[in-house]
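Below is the file coords_17.cif, which contains mmCIF, C-alpha atoms and all ligand atoms.
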```cif
data_work
loop_
_atom_site.label_atom_id
_atom_site.label_comp_id
_atom_site.auth_asym_id
_atom_site.auth_seq_id
_atom_site.Cartn_x
_atom_site.Cartn_y
_atom_site.Cartn_z
CA MET B 1 177.45 118.42 86.75
CA ARG B 2 177.24 114.99 88.30
CA ILE B 3 179.00 115.10 91.66
CA LEU B 4 180.18 112.36 94.02
CA VAL B 5 181.09 113.09 97.63
CA VAL B 6 183.20 110.37 99.29
CA GLY B 7 182.55 109.73 102.98
CA GLY B 8 179.64 109.41 105.36
CA GLY B 9 180.08 111.68 108.36
CA GLY B 10 178.84 115.08 109.48
CA ARG B 11 181.51 116.81 107.42
CA GLU B 12 180.20 115.07 104.30
CA HIS B 13 176.58 115.86 105.22
CA SER B 14 177.37 119.56 105.47
CA LEU B 15 179.36 119.44 102.20
CA CYS B 16 176.49 117.63 100.46
CA TRP B 17 174.02 120.15 101.89
CA ALA B 18 176.07 123.03 100.47
CA ILE B 19 176.83 121.34 97.13
CA SER B 20 173.20 120.33 96.60
CA ALA B 21 172.26 124.02 96.73
CA SER B 22 174.60 124.84 93.83
CA PRO B 23 172.92 125.54 90.49
CA LEU B 24 175.86 123.71 88.88
CA CYS B 25 174.92 120.42 90.54
CA THR B 26 172.42 118.35 88.55
CA LYS B 27 172.94 115.04 90.37
CA LEU B 28 174.58 114.38 93.73
CA TYR B 29 175.83 111.02 94.98
CA CYS B 30 177.47 110.24 98.29
CA ALA B 31 179.31 107.01 99.12
CA PRO B 32 178.67 105.60 101.59
CA GLY B 33 176.60 108.50 103.02
CA ASN B 34 174.18 108.19 105.94
CA ALA B 35 170.49 108.69 106.84
CA GLY B 36 170.76 112.49 106.83
CA ILE B 37 172.79 112.69 103.64
CA ALA B 38 170.11 110.56 101.96
CA GLN B 39 167.81 113.61 102.17
CA VAL B 40 170.05 115.60 99.79
CA ALA B 41 172.00 112.98 97.83
CA GLU B 42 171.68 109.46 96.50
CA CYS B 43 173.71 107.28 98.86
CA ILE B 44 175.64 104.34 97.41
CA ASP B 45 177.03 101.68 99.71
CA VAL B 46 180.72 101.85 98.83
CA ALA B 47 183.15 102.39 101.70
CA ALA B 48 185.36 105.51 101.60
CA GLU B 49 188.48 103.31 101.80
CA ASP B 50 187.37 101.06 98.93
CA ILE B 51 189.54 102.82 96.36
CA ALA B 52 188.73 100.51 93.43
CA GLY B 53 185.04 100.65 94.36
CA GLN B 54 184.98 104.46 94.42
CA VAL B 55 186.76 104.73 91.06
CA ALA B 56 184.37 102.17 89.52
CA LEU B 57 181.39 104.09 90.93
CA ALA B 58 182.68 107.37 89.47
CA LYS B 59 183.10 105.76 86.06
CA ARG B 60 179.77 103.92 86.12
CA GLU B 61 177.76 107.00 87.11
CA LYS B 62 179.70 109.27 84.71
CA ILE B 63 180.73 111.54 87.57
CA ASP B 64 182.17 114.91 86.51
CA PHE B 65 183.69 115.84 89.85
CA VAL B 66 184.54 113.92 93.04
CA VAL B 67 184.92 115.60 96.44
CA VAL B 68 186.87 113.43 98.88
CA GLY B 69 185.93 114.01 102.54
CA PRO B 70 188.20 111.86 104.76
CA GLU B 71 191.99 111.54 104.89
CA VAL B 72 192.37 107.77 104.66
CA PRO B 73 191.33 107.40 100.97
CA LEU B 74 193.54 110.39 100.10
CA ALA B 75 196.52 108.81 101.86
CA MET B 76 195.72 105.60 99.94
CA GLY B 77 195.90 107.44 96.60
CA LEU B 78 192.22 107.88 95.68
CA ALA B 79 192.86 111.27 94.04
CA ASP B 80 195.65 109.77 91.90
CA ARG B 81 193.52 106.80 90.83
CA LEU B 82 190.60 109.08 89.90
CA ALA B 83 192.86 111.40 87.92
CA GLU B 84 194.28 108.40 86.03
CA ALA B 85 190.72 107.36 85.23
CA GLY B 86 190.04 110.86 83.84
CA VAL B 87 187.80 112.01 86.68
CA LYS B 88 188.30 115.48 88.13
CA VAL B 89 188.81 115.45 91.89
CA PHE B 90 188.94 117.75 94.92
CA GLY B 91 191.67 116.48 97.23
CA PRO B 92 195.44 116.09 97.16
CA SER B 93 197.56 113.39 95.55
CA GLN B 94 198.93 110.64 97.76
CA LYS B 95 202.29 112.43 97.84
CA ALA B 96 200.78 115.78 98.83
CA ALA B 97 198.58 114.05 101.42
CA GLN B 98 201.80 113.24 103.31
CA LEU B 99 201.25 116.59 105.02
CA GLU B 100 198.73 114.65 107.10
CA SER B 101 199.84 111.03 106.68
CA SER B 102 203.42 111.61 107.88
CA LYS B 103 204.11 113.88 110.81
CA GLY B 104 207.84 113.54 110.15
CA PHE B 105 207.38 114.71 106.55
CA THR B 106 205.57 117.83 107.75
CA LYS B 107 208.04 118.58 110.53
CA GLU B 108 210.97 118.40 108.10
CA LEU B 109 209.19 120.64 105.62
CA CYS B 110 208.59 123.17 108.41
CA LYS B 111 212.23 123.00 109.49
CA ARG B 112 213.52 123.49 105.94
CA HIS B 113 211.26 126.48 105.30
CA ASP B 114 211.37 128.15 108.70
CA ILE B 115 207.66 127.62 109.33
CA PRO B 116 206.87 128.11 113.03
CA THR B 117 206.19 124.78 114.73
CA ALA B 118 207.06 122.96 117.96
CA ALA B 119 210.73 121.97 118.32
CA TYR B 120 211.12 118.22 117.68
CA GLU B 121 213.20 115.16 116.86
CA ARG B 122 212.29 112.01 114.90
CA PHE B 123 213.06 108.50 116.19
CA THR B 124 212.80 104.88 115.13
CA ASP B 125 215.00 103.61 117.96
CA VAL B 126 213.34 103.34 121.35
CA ALA B 127 216.49 103.81 123.46
CA ARG B 128 217.28 107.08 121.68
CA ALA B 129 213.68 108.24 122.02
CA VAL B 130 213.73 107.56 125.76
CA ALA B 131 217.06 109.35 126.19
CA TYR B 132 215.66 112.39 124.36
CA ILE B 133 212.52 112.42 126.50
CA GLU B 134 214.62 112.23 129.68
CA ALA B 135 216.84 115.05 128.50
CA GLN B 136 213.88 117.29 127.54
CA GLY B 137 211.63 116.56 130.54
CA ALA B 138 207.83 116.84 130.65
CA PRO B 139 205.32 117.97 129.52
CA ILE B 140 206.23 116.62 126.10
CA VAL B 141 204.28 115.28 123.12
CA VAL B 142 204.82 111.86 121.48
CA LYS B 143 203.31 111.29 118.04
CA ALA B 144 203.12 108.23 115.82
CA ASP B 145 204.36 109.28 112.38
CA GLY B 146 201.43 107.87 110.40
CA LEU B 147 197.63 107.89 110.51
CA ALA B 148 196.29 106.27 113.68
CA ALA B 149 192.59 107.21 113.62
CA GLY B 150 193.20 110.20 115.89
CA LYS B 151 194.81 108.07 118.63
CA GLY B 152 198.47 108.47 117.68
CA VAL B 153 199.18 111.60 119.76
CA VAL B 154 200.07 111.41 123.44
CA VAL B 155 200.36 114.69 125.31
CA ALA B 156 202.43 113.40 128.24
CA GLU B 157 202.42 115.21 131.57
CA THR B 158 205.27 113.12 132.95
CA VAL B 159 208.48 111.59 131.60
CA GLU B 160 207.07 108.14 132.50
CA GLN B 161 203.94 108.67 130.38
CA ALA B 162 206.04 109.85 127.47
CA THR B 163 208.48 106.93 127.61
CA GLU B 164 205.57 104.50 127.95
CA ALA B 165 204.00 106.03 124.82
CA ALA B 166 207.26 105.86 122.86
CA ARG B 167 207.74 102.21 123.89
CA ALA B 168 204.16 101.31 122.96
CA MET B 169 204.68 102.79 119.49
CA LEU B 170 208.27 101.78 118.75
CA SER B 171 208.61 98.40 120.53
CA ASP B 172 205.08 97.10 121.11
CA ASN B 173 203.86 98.04 117.65
CA ARG B 174 200.72 99.68 119.08
CA PHE B 175 199.87 101.43 115.78
CA GLY B 176 201.62 99.02 113.43
CA ALA B 177 203.56 100.71 110.63
CA ALA B 178 202.06 104.11 111.55
CA GLY B 179 204.02 104.00 114.81
CA ALA B 180 207.28 102.53 113.51
CA SER B 181 208.63 106.07 113.50
CA VAL B 182 207.73 108.76 116.04
CA VAL B 183 208.01 112.51 116.36
CA ILE B 184 208.71 113.79 119.86
CA GLU B 185 208.00 117.46 120.20
CA GLU B 186 207.84 120.41 122.50
CA PHE B 187 204.56 120.96 124.36
CA LEU B 188 203.03 124.18 123.04
CA VAL B 189 201.11 126.45 125.40
CA GLY B 190 198.26 128.45 123.93
CA GLU B 191 194.79 128.35 122.42
CA GLU B 192 194.05 125.85 119.66
CA MET B 193 192.55 126.97 116.39
CA SER B 194 191.59 125.23 113.15
CA PHE B 195 192.17 127.28 110.00
CA PHE B 196 191.36 126.29 106.44
CA ALA B 197 192.65 127.40 103.04
CA LEU B 198 191.84 126.15 99.55
CA CYS B 199 194.82 125.43 97.29
CA ASP B 200 195.02 124.81 93.55
CA GLY B 201 198.67 123.81 93.59
CA GLU B 202 199.83 127.37 93.06
CA HIS B 203 197.33 129.83 94.50
CA VAL B 204 195.80 129.83 97.95
CA LEU B 205 192.40 131.14 99.01
CA PRO B 206 192.01 131.61 102.77
CA LEU B 207 188.70 130.38 104.15
CA ILE B 208 187.87 131.07 107.81
CA GLY B 209 188.81 129.60 111.17
CA ALA B 210 186.83 127.62 113.73
CA GLN B 211 187.55 126.41 117.22
CA ASP B 212 187.03 122.71 117.94
CA HIS B 213 186.63 120.99 121.34
CA LYS B 214 188.70 117.81 121.34
CA ARG B 215 188.04 116.37 124.80
CA ALA B 216 184.97 114.22 125.39
CA PHE B 217 183.55 115.97 128.46
CA ASP B 218 182.74 119.46 129.79
CA ASN B 219 185.61 121.65 131.01
CA ASP B 220 187.94 119.93 128.52
CA LYS B 221 188.03 116.76 130.62
CA GLY B 222 188.13 113.16 129.45
CA PRO B 223 189.78 111.46 126.50
CA ASN B 224 190.66 113.07 123.17
CA THR B 225 188.03 112.62 120.45
CA GLY B 226 187.62 113.58 116.81
CA GLY B 227 185.91 116.76 118.05
CA MET B 228 182.82 117.32 120.22
CA GLY B 229 181.73 120.74 118.94
CA ALA B 230 182.95 123.82 117.13
CA TYR B 231 182.12 127.45 116.57
CA SER B 232 183.11 130.26 114.26
CA PRO B 233 184.25 132.99 114.35
CA ALA B 234 186.54 132.66 117.38
CA PRO B 235 187.72 136.01 118.76
CA ILE B 236 191.39 135.00 119.02
CA PHE B 237 191.59 134.49 115.28
CA ASP B 238 190.95 138.02 114.04
CA ALA B 239 191.91 139.40 110.62
CA ALA B 240 195.44 140.25 111.78
CA MET B 241 196.03 136.74 113.15
CA GLN B 242 194.67 135.21 109.95
CA LYS B 243 197.02 137.37 107.86
CA ARG B 244 199.97 136.40 110.03
CA THR B 245 199.07 132.72 109.71
CA MET B 246 198.77 133.00 105.94
CA GLU B 247 202.15 134.71 105.60
CA ALA B 248 204.15 132.67 108.11
CA ILE B 249 202.58 129.23 107.67
CA ILE B 250 200.11 128.60 104.85
CA LEU B 251 201.75 130.38 101.90
CA PRO B 252 205.27 129.05 102.62
CA THR B 253 203.81 125.54 102.91
CA ALA B 254 201.99 125.77 99.56
CA ARG B 255 205.13 127.19 97.90
CA ALA B 256 207.31 124.45 99.41
CA MET B 257 204.99 121.68 98.23
CA ALA B 258 204.98 123.07 94.68
CA ALA B 259 208.77 123.54 94.70
CA ASP B 260 209.21 119.95 95.90
CA GLY B 261 207.19 118.64 92.96
CA MET B 262 204.04 117.71 94.88
CA PRO B 263 201.73 120.72 94.51
CA PHE B 264 198.93 120.60 97.06
CA THR B 265 195.39 120.77 95.69
CA GLY B 266 192.34 120.67 97.92
CA VAL B 267 191.93 122.10 101.40
CA LEU B 268 194.81 122.63 103.74
CA TYR B 269 193.66 122.37 107.35
CA ALA B 270 196.12 123.93 109.76
CA GLY B 271 195.94 122.76 113.39
CA LEU B 272 197.33 125.86 115.08
CA MET B 273 198.40 126.74 118.56
CA ILE B 274 198.13 130.49 119.12
CA THR B 275 201.10 130.94 121.44
CA ALA B 276 202.61 134.02 123.08
CA GLN B 277 205.05 134.11 120.12
CA GLY B 278 202.23 133.90 117.57
CA PRO B 279 200.64 131.07 115.60
CA LYS B 280 202.52 127.76 115.39
CA ILE B 281 201.47 124.74 113.40
CA PHE B 282 201.14 121.50 115.38
CA GLU B 283 199.59 119.46 112.59
CA TYR B 284 198.41 119.66 109.03
CA ASN B 285 195.42 117.80 107.72
CA CYS B 286 194.81 117.37 104.01
CA ARG B 287 191.01 117.57 104.17
CA PHE B 288 188.21 119.54 105.81
CA GLY B 289 187.81 119.34 109.59
CA ASP B 290 184.99 117.50 111.26
CA PRO B 291 183.01 119.12 112.95
CA GLU B 292 184.56 122.44 111.84
CA THR B 293 183.20 122.12 108.29
CA GLN B 294 179.66 122.05 109.64
CA VAL B 295 180.04 125.61 110.97
CA LEU B 296 181.99 126.73 107.90
CA MET B 297 179.21 125.60 105.56
CA MET B 298 176.64 127.47 107.68
CA ARG B 299 178.59 130.73 107.39
CA LEU B 300 179.42 130.36 103.70
CA LYS B 301 177.16 132.56 101.58
CA SER B 302 178.72 131.84 98.17
CA ASP B 303 178.33 128.73 96.06
CA ILE B 304 181.02 126.30 97.25
CA LEU B 305 181.10 124.09 94.18
CA PRO B 306 182.93 126.45 91.77
CA ALA B 307 185.56 127.06 94.45
CA LEU B 308 186.16 123.33 94.91
CA ILE B 309 186.37 122.87 91.15
CA ALA B 310 188.84 125.77 90.91
CA CYS B 311 191.15 123.83 93.26
CA ALA B 312 191.29 121.03 90.70
CA ASP B 313 191.46 123.34 87.65
CA GLY B 314 194.05 125.83 88.91
CA GLY B 315 191.63 128.75 88.84
CA LEU B 316 191.71 129.96 92.44
CA LYS B 317 193.60 133.16 91.78
CA HIS B 318 190.53 135.16 90.85
CA PHE B 319 188.26 133.60 93.39
CA ASP B 320 186.51 135.16 96.31
CA LEU B 321 184.04 133.70 98.77
CA ARG B 322 181.56 135.59 100.93
CA TRP B 323 180.99 134.67 104.57
CA SER B 324 178.17 135.60 106.91
CA PRO B 325 179.24 137.90 109.74
CA GLU B 326 176.93 135.86 111.99
CA SER B 327 178.14 133.08 114.28
CA ALA B 328 177.70 129.37 113.77
CA LEU B 329 178.06 126.69 116.42
CA THR B 330 177.73 122.92 116.33
CA VAL B 331 177.18 120.47 119.17
CA VAL B 332 178.22 116.86 118.54
CA MET B 333 175.88 114.23 119.96
CA ALA B 334 177.81 110.99 120.42
CA ALA B 335 176.92 107.47 121.52
CA LYS B 336 177.61 106.91 125.24
CA GLY B 337 181.05 105.32 125.57
CA TYR B 338 182.59 107.18 122.61
CA PRO B 339 185.57 107.48 121.93
CA ASP B 340 185.90 103.96 123.37
CA ALA B 341 183.39 101.13 122.91
CA TYR B 342 179.78 102.16 122.26
CA GLN B 343 176.50 100.63 121.13
CA LYS B 344 175.14 100.89 117.60
CA GLY B 345 171.58 100.57 116.39
CA THR B 346 169.78 102.61 119.06
CA GLU B 347 166.80 104.67 117.88
CA ILE B 348 166.85 108.47 117.70
CA ARG B 349 163.55 110.33 117.99
CA GLY B 350 162.54 113.98 117.89
CA LEU B 351 164.72 115.03 114.94
CA ASP B 352 161.88 116.76 113.09
CA ALA B 353 160.94 118.92 116.09
CA ALA B 354 164.60 119.77 116.73
CA ALA B 355 165.14 120.79 113.10
CA LYS B 356 162.33 123.36 113.43
CA VAL B 357 164.20 125.49 116.00
CA GLU B 358 165.04 128.83 114.40
CA GLY B 359 168.46 128.91 112.70
CA VAL B 360 169.12 125.19 113.25
CA GLN B 361 170.46 122.64 110.76
CA ILE B 362 170.95 119.04 111.83
CA PHE B 363 173.81 117.23 110.16
CA HIS B 364 174.05 113.47 110.54
CA ALA B 365 177.48 112.08 111.41
CA GLY B 366 176.81 108.39 112.06
CA THR B 367 173.24 107.30 111.34
CA LYS B 368 171.45 104.83 109.15
CA PRO B 369 167.85 104.71 108.05
CA ASP B 370 165.61 101.81 109.07
CA GLY B 371 162.31 102.36 107.29
CA LYS B 372 161.04 105.60 108.81
CA ARG B 373 163.27 105.25 111.86
CA VAL B 374 166.76 106.72 112.25
CA LEU B 375 169.32 104.55 114.05
CA ALA B 376 172.69 105.49 115.53
CA ASN B 377 175.47 103.90 113.53
CA GLY B 378 178.72 105.38 114.82
CA GLY B 379 180.55 107.10 117.67
CA ARG B 380 179.78 110.66 116.67
CA VAL B 381 176.16 110.51 115.55
CA LEU B 382 174.58 113.97 115.11
CA ASN B 383 175.82 117.55 114.71
CA ILE B 384 173.23 120.00 115.96
CA THR B 385 174.27 123.21 114.24
CA ALA B 386 172.88 126.72 114.60
CA MET B 387 173.41 130.22 113.21
CA ALA B 388 172.61 133.46 115.03
CA PRO B 389 173.88 137.04 115.27
CA THR B 390 176.01 136.12 118.33
CA VAL B 391 177.82 132.98 119.51
CA ALA B 392 175.71 133.05 122.69
CA GLU B 393 172.46 132.98 120.73
CA ALA B 394 173.77 130.32 118.33
CA ARG B 395 174.58 128.19 121.36
CA ASN B 396 171.13 128.75 122.90
CA ARG B 397 169.49 127.69 119.66
CA ALA B 398 171.68 124.60 119.29
CA TYR B 399 170.98 123.38 122.84
CA ARG B 400 167.26 124.13 122.46
CA ALA B 401 167.31 121.69 119.53
CA VAL B 402 169.51 119.18 121.43
CA ASP B 403 166.94 119.14 124.23
CA LEU B 404 164.18 118.17 121.78
CA ILE B 405 166.07 115.08 120.66
CA ASP B 406 164.99 111.90 122.37
CA TRP B 407 168.00 109.60 122.40
CA PRO B 408 168.79 108.22 125.87
CA GLU B 409 171.86 106.35 124.57
CA GLY B 410 173.56 109.59 123.47
CA PHE B 411 175.50 112.38 125.20
CA CYS B 412 176.99 115.75 124.33
CA ARG B 413 179.08 118.48 125.87
CA ARG B 414 177.07 121.39 127.30
CA ASP B 415 179.88 123.95 127.15
CA ILE B 416 180.73 124.43 123.48
CA ALA B 417 182.26 127.92 122.98
CA TRP B 418 182.99 128.24 126.72
CA ARG B 419 185.90 130.56 125.93
CA VAL B 420 183.42 133.12 124.60
CA VAL B 421 180.24 132.52 126.58
CA GLY B 422 181.22 130.62 129.72
CA SER B 423 180.66 127.04 130.74
CA ARG B 424 176.91 126.63 131.08
CA PRO B 425 174.20 127.82 128.70
P1 LIG D 1 196.07 115.45 116.75
O1 LIG D 1 195.63 114.01 116.94
O2 LIG D 1 197.29 115.61 115.96
O3 LIG D 1 194.92 116.32 116.37
O4 LIG D 1 196.49 115.96 118.20
C1 LIG D 1 195.61 115.78 119.26
C2 LIG D 1 195.72 116.92 120.20
O5 LIG D 1 196.98 116.92 120.83
C3 LIG D 1 195.61 118.28 119.56
O6 LIG D 1 194.31 118.67 119.35
C4 LIG D 1 196.30 119.16 120.59
O7 LIG D 1 195.39 119.47 121.61
C5 LIG D 1 197.33 118.25 121.19
N1 LIG D 1 198.67 118.55 120.68
C6 LIG D 1 199.26 118.08 119.57
N2 LIG D 1 200.52 118.58 119.45
C7 LIG D 1 200.72 119.38 120.53
C8 LIG D 1 201.84 120.17 121.00
N3 LIG D 1 202.99 120.21 120.35
N4 LIG D 1 201.66 120.85 122.14
C9 LIG D 1 200.50 120.79 122.84
N5 LIG D 1 199.44 120.06 122.45
C10 LIG D 1 199.54 119.35 121.32
N1 LIG D 2 188.08 118.22 114.20
C1 LIG D 2 189.33 117.56 114.09
C2 LIG D 2 189.60 116.93 112.81
O1 LIG D 2 188.83 117.02 111.86
O2 LIG D 2 190.64 116.30 112.70
#
```
If you convert what's in this file into C-alpha cells, what do you get?
Amino acid sequence: MRILVVGGGGREHSLCWAISASPLCTKLYCAPGNAGIAQVAECIDVAAEDIAGQVALAKREKIDFVVVGPEVPLAMGLADRLAEAGVKVFGPSQKAAQLESSKGFTKELCKRHDIPTAAYERFTDVARAVAYIEAQGAPIVVKADGLAAGKGVVVAETVEQATEAARAMLSDNRFGAAGASVVIEEFLVGEEMSFFALCDGEHVLPLIGAQDHKRAFDNDKGPNTGGMGAYSPAPIFDAAMQKRTMEAIILPTARAMAADGMPFTGVLYAGLMITAQGPKIFEYNCRFGDPETQVLMMRLKSDILPALIACADGGLKHFDLRWSPESALTVVMAAKGYPDAYQKGTEIRGLDAAAKVEGVQIFHAGTKPDGKRVLANGGRVLNITAMAPTVAEARNRAYRAVDLIDWPEGFCRRDIAWRVVGSRP
C-alpha cells in the first residue's frame, strides 16, 4: 500500500517509524514531514492545513491510505474531502472532530449521556460569564470553545484571573471566533492521564495510557505547553482504571456519536483527571497525542497499519494489539523561549551518538535538513525516547542520550516521570 502521513511533528515521526516497519507498506510519504521523518519516508512540502494541497497530493501519488496526524486539518474537513475523492483515511469527519474543535459540543454530549466531566456552563455574553464566575468562586477554569493552538484554556486561581480571561475571549476577541463562546467549568483535583482508543464508528479498541507533562519547567512550573515529556505505563492507570474509563466514558461517547449520526472513526484521545470520585473527562482530542504517541509506538509490538485501516473499514471488532510490558519514556527538547518566542535555524549536533544509547529512539518534532546538518525549525524540536524494563531505567537511558546532544539553544525538563521516580535522575 502507498501511505501518506499528514503532519510534521514528533507524533508523525513516531507514526511513520511504526508504519514504515509494516510489511503492508510499500511506499511511505509524509507531508510536510521533517529532517527525522525523511529517514523513513519521502517528505513532500505541503502544509498540513493545506486541504486542497493534501487531497491533490493523495490523488497524484495514488495514495491508498492517508493517516492524519494533527487536529487542525481534521477540523477543517480533510477526512471528508479525502473520502469524497475516493481516498481511504484514518481520522474523523469534520462533524465528528467537533469532539475536539468545540468544547461546548463535548460538554453537552457528556451532559446528555451522563459521562463524568467537570460541572460547567456555556456563555457568549461577558456579563453573564462574570456573574457565574463570581457566584462559583475560584479556582475555576475558563475555556475558549474552539481550537486555539493549546492556549485557549485558563486555569484561574482567582476570580480576577478568571474574569480577565473571560473578558479577553468574549469582549477583546483574543482567540477570534474560537473564543466567541466559552465554557466555564469546575476545577478538577487529581492526576492527569491521557488515554487512547481506536474507533471504527461502531467498535472501540482500547490502546494504552500515558502521562504527559504540560508545564514548561521542572516541578510543573512555568507556562502550559503542548507537552514536555511522557511515559507509559503510569501506575495510576491500571487495568481496573482503564476498564472503568472505557465503560463510563469512552464507550458511551462512541455510542452517542453514532446515535447522533456522526460516527467517530480514528483515535479518540481522552484527557482525563483521575479524581477521588474516579476518572472524569476534561477534554477530548480527535487525534493521537504528542508526545504521548512517541511512547505508545515504542511499546506497540503489533503492526499498527492494519489497525489504523480497520478504523476506516469498520473492522475493529476482531482486532487485538500486543503491547510490551516494558516502560517507555520521552523527553522533549525544545528551543529556549518555547512556548513563547524562540529562535529557529540553530544547529543540532551529536544526534548520531545519542541514537546509539541502548534502547533509545530519537524522534524529530521540529527540524529541517540543511545538507548534512540538522537545524531546529520549531518550538518542540526533538523527542528523546527510550525503552527499558523499568521507568527509572528508561529515564536514565533517555537523559544519557539527551546529554550527548550538543544544542546550546535548546532546553528540556529533567524530571519526566517524577511521580514514579522522583524529581532528579
Ligand atoms: P487543554 O489545553 O484543554 O489540554 O488544557 C490545558 C490544561 O488545563 C490541561 O492539561 C489541564 O492541566 C488543565 N485543565 C483543563 N481543564 C481542567 C479542569 N476542569 N480542572 C483542572 N485542570 C484543568
Ligand atoms: N500532549 C498533549 C496533546 O497532544 O494535546
Atomic distance CA of Ala149 in chain B - CA of Leu251 in chain B, expressed in Å with one decimal:
27.5 Å
Compile the contact shell of range 318-332 of chain B as a ChimeraX atom specification: residues with an atom at most 6 Å away, counting all atoms listed in the file, same-chain residues fewer than 5 positions apart removed.
/B:228-232,295,299-302,382-391,394
Around ligand LIG 1 (chain D), which protein and nucleic acid residues have at least one atom no more than 10 Å from it, if we count only C-alpha atoms and all ligand atoms? List them as an mmCIF file with C-alpha atoms, in the coordinates of the input.
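So the final result, stored in pocket.cif, reads:
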```cif
data_model
loop_
_atom_site.group_PDB
_atom_site.id
_atom_site.type_symbol
_atom_site.label_atom_id
_atom_site.label_comp_id
_atom_site.auth_asym_id
_atom_site.auth_seq_id
_atom_site.Cartn_x
_atom_site.Cartn_y
_atom_site.Cartn_z
ATOM 1 C CA GLU B 100 198.730 114.650 107.100
ATOM 2 C CA LYS B 103 204.110 113.880 110.810
ATOM 3 C CA THR B 117 206.190 124.780 114.730
ATOM 4 C CA ALA B 118 207.060 122.960 117.960
ATOM 5 C CA ALA B 119 210.730 121.970 118.320
ATOM 6 C CA TYR B 120 211.120 118.220 117.680
ATOM 7 C CA PRO B 139 205.320 117.970 129.520
ATOM 8 C CA ILE B 140 206.230 116.620 126.100
ATOM 9 C CA VAL B 141 204.280 115.280 123.120
ATOM 10 C CA VAL B 142 204.820 111.860 121.480
ATOM 11 C CA LYS B 143 203.310 111.290 118.040
ATOM 12 C CA ALA B 144 203.120 108.230 115.820
ATOM 13 C CA LEU B 147 197.630 107.890 110.510
ATOM 14 C CA ALA B 148 196.290 106.270 113.680
ATOM 15 C CA ALA B 149 192.590 107.210 113.620
ATOM 16 C CA GLY B 150 193.200 110.200 115.890
ATOM 17 C CA LYS B 151 194.810 108.070 118.630
ATOM 18 C CA GLY B 152 198.470 108.470 117.680
ATOM 19 C CA VAL B 153 199.180 111.600 119.760
ATOM 20 C CA VAL B 154 200.070 111.410 123.440
ATOM 21 C CA VAL B 155 200.360 114.690 125.310
ATOM 22 C CA ALA B 156 202.430 113.400 128.240
ATOM 23 C CA ILE B 184 208.710 113.790 119.860
ATOM 24 C CA GLU B 185 208.000 117.460 120.200
ATOM 25 C CA GLU B 186 207.840 120.410 122.500
ATOM 26 C CA PHE B 187 204.560 120.960 124.360
ATOM 27 C CA LEU B 188 203.030 124.180 123.040
ATOM 28 C CA VAL B 189 201.110 126.450 125.400
ATOM 29 C CA GLY B 190 198.260 128.450 123.930
ATOM 30 C CA GLU B 191 194.790 128.350 122.420
ATOM 31 C CA GLU B 192 194.050 125.850 119.660
ATOM 32 C CA MET B 193 192.550 126.970 116.390
ATOM 33 C CA SER B 194 191.590 125.230 113.150
ATOM 34 C CA ASP B 212 187.030 122.710 117.940
ATOM 35 C CA HIS B 213 186.630 120.990 121.340
ATOM 36 C CA LYS B 214 188.700 117.810 121.340
ATOM 37 C CA ARG B 215 188.040 116.370 124.800
ATOM 38 C CA ASN B 224 190.660 113.070 123.170
ATOM 39 C CA THR B 225 188.030 112.620 120.450
ATOM 40 C CA GLY B 226 187.620 113.580 116.810
ATOM 41 C CA GLY B 227 185.910 116.760 118.050
ATOM 42 C CA GLY B 271 195.940 122.760 113.390
ATOM 43 C CA LEU B 272 197.330 125.860 115.080
ATOM 44 C CA MET B 273 198.400 126.740 118.560
ATOM 45 C CA LYS B 280 202.520 127.760 115.390
ATOM 46 C CA ILE B 281 201.470 124.740 113.400
ATOM 47 C CA PHE B 282 201.140 121.500 115.380
ATOM 48 C CA GLU B 283 199.590 119.460 112.590
ATOM 49 C CA TYR B 284 198.410 119.660 109.030
ATOM 50 C CA ASN B 285 195.420 117.800 107.720
#
```
Gap from CA of Gly278 in chain B to CA of Cys110 in chain B - Å, one decimal:
15.5 Å
Work out how far apart CA of Lys221 in chain B and CA of Thr293 in chain B are and give it in Å to one decimal.
23.5 Å
Polymer residues at most 6 Å from (184.9, 114.5, 107.1) by all atoms listed in the file, as a PDB file with C-alpha atoms, in the coordinates of the input:
```pdb
ATOM      1  CA  GLY B   9     180.080 111.680 108.360  1.00  0.00           C
ATOM      2  CA  ARG B  11     181.510 116.810 107.420  1.00  0.00           C
ATOM      3  CA  GLU B  12     180.200 115.070 104.300  1.00  0.00           C
ATOM      4  CA  GLY B  69     185.930 114.010 102.540  1.00  0.00           C
ATOM      5  CA  PRO B  70     188.200 111.860 104.760  1.00  0.00           C
ATOM      6  CA  ASP B 290     184.990 117.500 111.260  1.00  0.00           C
TER       7      ASP B 290
END
```
Need to verify the contact set: range 304-317 of chain B, 6 Å, only C-alpha atoms, exclusion of same-chain residues closer than 4 positions in sequence. Can you return it as JSON, numbers by chain?
{"B": [19, 90, 199, 200, 203, 265, 266]}
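For the choices B:Pro233, B:Gly222, B:Pro291, B:Pro263, the atom-to-atom distance to ligand LIG 2 (chain D) is smallest for B:Pro291 when using all atoms listed in the file.
Using all atoms listed in the file, the residues found no farther than 10 Å from Asp45 in chain B, other than those of its own chain fewer than 5 positions away, are Gly8, Cys30, Ala31, Pro32, Gly33, Asn34, Gly53 and Gln54 of chain B.
Closest approach to Met241 in chain B among B:Ala259, B:Ala341, B:Leu82, B:Ile208: B:Ile208, based on only C-alpha atoms.
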Can you list, as a ChimeraX atom specification, every protein, DNA or RNA residue that comes within 9 Å of Pro92 in chain B when you count only C-alpha atoms, leaving out same-chain residues fewer than 3 positions away?
/B:74-75,77-80,89,95-97,263-267,286-287
Within 9 Å of Pro73 in chain B using only C-alpha atoms, minus same-chain residues under 6 positions, as a VMD selection string:
chain B and resid 6 48 to 51 79 94
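Using only C-alpha atoms and all ligand atoms for every distance, the candidate list B:Thr253, B:Ser93, B:Gln136, B:Gln211 yields B:Gln211 as the residue closest to ligand LIG 2 (chain D).
Shortest separation to ligand LIG 2 (chain D) among B:Ala354, B:Val402, B:Val72, B:Arg373 occurs at residue B:Val72, atoms counted being all atoms listed in the file.
For the residues B:Glu393, B:Asp238, B:Asp218, B:Asp260, ranking by smallest atom-to-atom distance to Cys412 in chain B using all atoms listed in the file places B:Asp218 first.
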Any chance you could work out the axis-aligned box around ligand LIG 2 (chain D), listed atoms only, 5 Å on each side, giving centre and edge lengths in Å to one decimal, as lines of an AutoDock Vina configuration file?
```
center_x = 189.4
center_y = 117.3
center_z = 113.0
size_x = 12.6
size_y = 11.9
size_z = 12.3
```
